[in-house]
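Since the structure comes first, as structure tokens, the remarks are kept for the end.
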2 protein chains.
Amino acid sequence: MILYSYFQSSASYRVRIALNHKEIPYEYRAVHLVREGGEQHKADYKNLNPLGEVPTLVHGQKILAQSMAIFFYLDQTYPEKILFSKDAYEAARILQFCEVVNSGMQPVVNLRVRQELETRFGADAKARESWCAYFNERGLSTLEKILEKTSGRFCFGDQVSAADMFLIPQLFNARRNKVDLSKYKCILKVETECVKQEAFIKAQPKNQPDFEA
Amino acid sequence: MILYSYFQSSASYRVRIALNHKEIPYEYRAVHLVREGGEQHKADYKNLNPLGEVPTLVHGQKILAQSMAIFFYLDQTYPEKILFSKDAYEAARILQFCEVVNSGMQPVVNLRVRQELETRFGADAKARESWCAYFNERGLSTLEKILEKTSGRFCFGDQVSAADMFLIPQLFNARRNKVDLSKYKCILKVETECVKQEAFIKAQPKNQPDFEA
């Protein structure tokens, strides 16, 4: 397997955790999202991923973009150490949790949106940070409310799941946008457990080959 | 089954198509997203759906938000007339297509984002429309490129799938934002087939009990 990734991309970070968790070896190929206007926009890369985003997973002849699609594919092809659940409703609730991050938070605070806010409305660094903080906080409050009912050591009981793998990278994004996380008690409790796990540690931005301080 | 929905919500529209396609009868409960500041923010509704969004599906004691989670759950519990595919890679590619809409387009052009653009940056109706058009066009170009390789009568070959059910409601949104769709040949071809289907017709905003002209 080959993973096209950027150390700081939260969607890439999710997939790195999942691959580590399932103990699937993979080759890391860095795509620099900022340098020279962004390597993700180059023709070669857009052949792999028409949206020009990371991550992209290549498995033999099979090419997949979108972290959610990759998670689904990994569970189907490597069913050991399941990311969702064998129970249909539990799996759907985990998926719902992941989507709060995947469609409710990340897309509204990502690089492309921040760039458009600057270009169209002259939003300066402070205004962009405030925008990102607002949408992060809105999502985090929702996640916290869900976790009050579902969490044990991890987001859903005592078993690591996709929910944890979507949550932790988003906290990285929230902290970059100076969101105060202290009121999210369940989230912080789950985080304490996750950061002890080898799969999560190896996936951290600072442990990637393309890391920049 | 009970579906909490708003006629104009594209995420609700997706689920209405899926329920119709699987011929699952359901009770329609309207949640007005605009009236009195939005019924989705009321305490009763937020108990069902902590994010305060539509759709929400209630199935006995089971409550699910997020259209993607609902699609997944419906395929697991009503496997007839499958929304994704039995083949893992094909299913993941359909899911990838759906996520371009679900996480790449809809969240960036939805009501909450448009409201924040107005409040924070004084974006007037024209500026908001231009924002929505930009993100719609960016996504539609990606979808068109995928469809050039995958489409038959429908998005993935000659079988209706979740991909069609995510695409059609987004076209409704794009047209509301005055996006010129004429250059998206594959998309328009697929649309011609979809709009003949009973499941899609019954799900149209104008055919919902809470429709407003």
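A note on labels: chains of the structure tokens are A, B, ... as shown, every chain counts residues from 1, and ligands are counted from 1 in their shown order.
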Note to self: Please extract the residues of chain A with a backbone DSSP assignment of strand (DSSP E) and present them as a list in words.
What the structure shows: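 Restricting chain A to strand (DSSP E) produces Ile2, Leu3, Tyr4, Ser5, Glu27, Tyr28, Arg29, Ala30, Thr56, Leu57, Val58, His59, Lys62, Ile63, Leu64 and Ala65 of chain A.
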| task | Please run DSSP on the backbone and report, as an MDAnalysis selection string, all residues within chain A that come out as alpha helix (DSSP H). | result | chainID A and resid 10:21 43:48 67:77 88:102 106:109 111:121 125:150 162:176 185:194 198:203
* To do: Pick out the chain B residues within 6 Å of chain A. Count only C-alpha atoms. Give them as JSON, numbers by chain.
  => {"B": [50, 51, 66, 69, 73, 76, 88, 92, 95, 96, 103, 108, 142]}
Per residue of segment 51-87 of chain A within 12 Å of segment 29-41 of chain A, record the nearest atom pair and its distance in Å to one decimal, counting only C-alpha atoms, with rows in chain order and ascending residue number, as a tab-separated table.
residue	atom	partner	partner_atom	distance
A:Leu51	CA	A:His41	CA	8.6
A:Gly52	CA	A:Gln40	CA	4.9
A:Glu53	CA	A:Gln40	CA	5.9
A:Val54	CA	A:Gln40	CA	7.4
A:Pro55	CA	A:Val31	CA	8.9
A:Thr56	CA	A:Arg29	CA	9.7
A:Leu57	CA	A:Arg29	CA	10.1
A:Val58	CA	A:Arg29	CA	10.7
Top pick for closest residue to Leu19 of chain A, considering A:Ile187, A:Lys178, A:Glu137, A:Met1 and counting only C-alpha atoms:
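Under the stated criterion, the closest residue is A:Met1.
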Margin query: Please list as a ChimeraX atom specification every residue within 9 Å of Arg153 of chain A, counting only C-alpha atoms and excluding residues in the same chain fewer than 4 positions away.
Written below: /A:157-160,189-190,192-194
What separates atom CA of Thr150 of chain A and atom CA of Lys185 of chain A is a distance of 13.4 Å
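Nearest residue to Ser12 of chain B, choosing from B:Ser182, B:Asn177, B:Gln208, B:Asn136 and counting only C-alpha atoms: B:Gln208.
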| request: Could you tell me how far atom CA of Asp124 of chain B lies from atom CA of Gln170 of chain B, in Å and to one decimal? | output: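 Interatomic distance, atom CA of Asp124 of chain B to atom CA of Gln170 of chain B: 22.4 Å.
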Margin query: For a quick check of understanding, using only C-alpha atoms, which of A:Arg176, A:Lys86, A:Arg128, A:Arg16 has the smallest distance to Asn207 of chain A?
Written below: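 Checking each of A:Arg176, A:Lys86, A:Arg128, A:Arg16 against Asn207 of chain A, counting only C-alpha atoms, the winner is A:Arg16.
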